[in-house]
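Everything below concerns the one structure shown next.
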Amino acid sequence: MKPEDGYIAYIVNPKSGATSTKMTGRRFERYLIKRGYEIRGSLTTSLSHACDLATDAAVDYDCAMVVAAGGDGTIREVVHGLEGSDKPLLIMPSGTENLLANELGFDEKLKTLIRTFEAGYIRPLDLGNVNGRCFTSVAGFGFDGEVVKRVSEQRAGHINHFDYFWPIWRSFWGYDFAPMKVEVDGEEIYEGPGLVFVGNISRYAVGLQLLHYADYGDGLLDVCIYKCASRIHLIKHSMMTIIKHHANCRDVIYRQGKKINVGSVIKTIRTEIDGDPGPSLPVEINVIPHAVNCIVPEGARPAGIRTRIIRAIG
């Protein structure tokens with residue numbers, strides 16, 4: 001990309017990220033300005049505002065690309081706004097988990113952003129759509145949704161990994177493992193108590209390789225169902241996931257598909273999409289293939305558990 005190609009829309013969530021990541025964002029902006037690029041910066045006031053800003057950039061002929069700085073929720077809404085556009089997106093991770101950014105191979109280093117921008121390597125990104133709401137990374141149903149609900153209720157701005165401790169602890173002792181029914185491309189594959197994850201990326205919180213075979217640009221969504229009716233089962237599944245052996249266990253169902261339905265006779269089951277509370281069951285999930293073009297580090301690999309823990313503790 002050259003400065004004469006058009007301006008760069010710089011969308012930033014001011015409430016997201018620690019001081020160090022915000023400094024990286026400002027330094028990258030200065031780098032672009034020094035090289036002659038016109039930057040039109042915007043601060044988001046809400047998730048829907050992030051989507052609106054991206055939508056405006058998507059239809060503006062003079063806009064050449066979009067840079068988005070924020071957590072998974074902000075990035076999700078920016079991607080939603082760019083859906084179907086040819087405007088490339090460069091993600092600047094500044095949230096707690098940064099699931100999508102980590103999957104694409106980003107870290108919080110300025111040199112990674114500069115190297116990625118200069119190389120201009122583009123890969124298409126699929127999207128998931130849950131009852132009309134888009135997601136980029138993972139949708140969770142059951143225990144995971146309960147944890148996110150508790151975190152959301154106590155949230156008052158930027159959060160860190162330690163803010164998840166008590167919600168996970170309370171959910172572990174209070175969750176009742178309600179039954180769910182799951183269909184993939186019209187075939188019922190499971191009905192019973194369990195944990196259900198549908199996603200577009202391979203790694204989840206703290207780098208757990210939950211959806212082992214997921215590829216964010218293959219036109220498919222991956223489904224992982226843990227048959228789970230007790231806390232003992234939950235502990236066992238957690239350990240098998242940590243050592244990356246869960247996908248082949250007899251009490252785990254792993255599938256890929258383009259249309260997934262999740263329902264339950266229990267109406268209080270919680271859901272989450274990209275770390276935010278999701279819609280009530282039943283839901284229909286569809287894949288939107290190659291929805292957005294993302295500028296990514298060429299040859300980079302997703303960050304694993306060790307790398308993410310080091311980042312979390314500084």
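Identifiers in this document derive from the order of the structure tokens: chains are assigned A, B, ..., residues are numbered from 1 separately in each chain, and ligands are numbered from 1 in order of occurrence.
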
> Could you pull the residues within 12 Å of Phe172 (chain A), counting only C-alpha atoms, minus those fewer than 6 positions along the same chain, as JSON, numbers by chain?
Replying inline: {"A": [142, 143, 144, 146, 147, 150, 164, 165, 166, 230, 231, 232, 233, 234, 235, 238]}

At most 12 Å is the cut-off: for each residue in region 172-196 of chain A with any atom that close to an atom of region 276-287 of chain A, write down the nearest atom pair and the distance in Å rounded to one decimal, counting only C-alpha atoms, chain first then increasing number, as JSON lines.
```
{"residue": "A:Pro179", "atom": "CA", "partner": "A:Leu281", "partner_atom": "CA", "distance": 11.8}
{"residue": "A:Met180", "atom": "CA", "partner": "A:Leu281", "partner_atom": "CA", "distance": 9.4}
{"residue": "A:Lys181", "atom": "CA", "partner": "A:Pro282", "partner_atom": "CA", "distance": 9.3}
{"residue": "A:Val182", "atom": "CA", "partner": "A:Pro282", "partner_atom": "CA", "distance": 9.9}
{"residue": "A:Glu183", "atom": "CA", "partner": "A:Glu284", "partner_atom": "CA", "distance": 9.4}
{"residue": "A:Val184", "atom": "CA", "partner": "A:Ile285", "partner_atom": "CA", "distance": 9.5}
{"residue": "A:Asp185", "atom": "CA", "partner": "A:Asn286", "partner_atom": "CA", "distance": 9.6}
{"residue": "A:Gly186", "atom": "CA", "partner": "A:Glu284", "partner_atom": "CA", "distance": 11.1}
```

Restricted to N, CA and C atoms, what would the selected residues look like written as a short mmCIF file (atom, residue, chain, number, x, y, z; two decimals), in the first residue's frame?
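File produced: out-v7.cif:
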```
data_model
loop_
_atom_site.label_atom_id
_atom_site.label_comp_id
_atom_site.auth_asym_id
_atom_site.auth_seq_id
_atom_site.Cartn_x
_atom_site.Cartn_y
_atom_site.Cartn_z
N PRO A 179 -29.02 -30.27 29.67
CA PRO A 179 -28.92 -30.95 28.37
C PRO A 179 -29.10 -29.98 27.21
N MET A 180 -28.42 -30.29 26.11
CA MET A 180 -28.55 -29.52 24.87
C MET A 180 -28.62 -30.49 23.69
N LYS A 181 -29.21 -30.03 22.60
CA LYS A 181 -29.26 -30.81 21.37
C LYS A 181 -28.51 -30.04 20.29
N VAL A 182 -27.65 -30.76 19.56
CA VAL A 182 -26.81 -30.12 18.55
C VAL A 182 -26.99 -30.81 17.21
N GLU A 183 -27.22 -30.01 16.17
CA GLU A 183 -27.30 -30.52 14.80
C GLU A 183 -26.22 -29.83 13.96
N VAL A 184 -25.60 -30.59 13.07
CA VAL A 184 -24.60 -30.05 12.15
C VAL A 184 -25.02 -30.40 10.73
N ASP A 185 -25.26 -29.39 9.92
CA ASP A 185 -25.70 -29.57 8.53
C ASP A 185 -26.88 -30.53 8.43
N GLY A 186 -27.85 -30.36 9.32
CA GLY A 186 -29.09 -31.13 9.29
C GLY A 186 -29.05 -32.48 9.99
#
```

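Nearest-residue note for Gly275 (chain A): choosing from A:Val148, A:Leu100, A:Ala68, A:Cys51, the minimum distance belongs to A:Val148, counting only C-alpha atoms.
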
>> List the spatial neighbours of region 214-216 of chain A as a list in words - criterion: any atom at most 6 Å away, only C-alpha atoms, same-chain residues fewer than 2 positions off excluded.
In response: Leu125, Asp126, Asn200, Ile201, Ser202, Leu211, His212, Asp218 and Asp222 of chain A

Just write the chosen residues, N, CA and C atoms, as a short mmCIF file (atom, residue, chain, number, x, y, z; two decimals), in the first residue's frame.
```cif
data_model
loop_
_atom_site.label_atom_id
_atom_site.label_comp_id
_atom_site.auth_asym_id
_atom_site.auth_seq_id
_atom_site.Cartn_x
_atom_site.Cartn_y
_atom_site.Cartn_z
N LEU A 125 -10.81 -14.03 5.98
CA LEU A 125 -11.33 -14.46 7.28
C LEU A 125 -12.81 -14.81 7.15
N ASP A 126 -13.19 -16.01 7.57
CA ASP A 126 -14.60 -16.37 7.64
C ASP A 126 -15.24 -15.71 8.86
N ASN A 200 -14.27 -20.59 14.84
CA ASN A 200 -13.59 -20.31 13.59
C ASN A 200 -12.08 -20.35 13.75
N ILE A 201 -11.60 -20.45 15.02
CA ILE A 201 -10.17 -20.45 15.30
C ILE A 201 -9.84 -21.64 16.19
N SER A 202 -8.57 -22.01 16.23
CA SER A 202 -8.18 -23.23 16.93
C SER A 202 -8.00 -23.05 18.42
N LEU A 211 -10.48 -26.03 19.61
CA LEU A 211 -10.98 -26.47 18.31
C LEU A 211 -9.77 -26.84 17.45
N HIS A 212 -9.30 -28.03 17.68
CA HIS A 212 -7.97 -28.48 17.26
C HIS A 212 -7.71 -28.29 15.77
N ASP A 218 -11.24 -21.56 5.97
CA ASP A 218 -11.58 -22.76 5.20
C ASP A 218 -13.05 -22.86 4.82
N ASP A 222 -15.96 -25.17 13.17
CA ASP A 222 -15.65 -26.38 13.92
C ASP A 222 -16.54 -26.46 15.16
#
```

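Minimum atom-to-atom distances from A:Leu104, A:Cys224, A:Val296, A:Leu53 to Leu195 (chain A) were compared using only C-alpha atoms, and the lowest value belongs to A:Cys224.
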
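Atom pair CA of Ile11 (chain A) / CA of Asn131 (chain A): separated by 26.2 Å.
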
> Within 8 Å of Glu108 (chain A), counting only C-alpha atoms, which residues qualify if same-chain residues fewer than 6 places away don't, as a VMD selection string?
Replying inline: chain A and resid 21 24 92 to 94
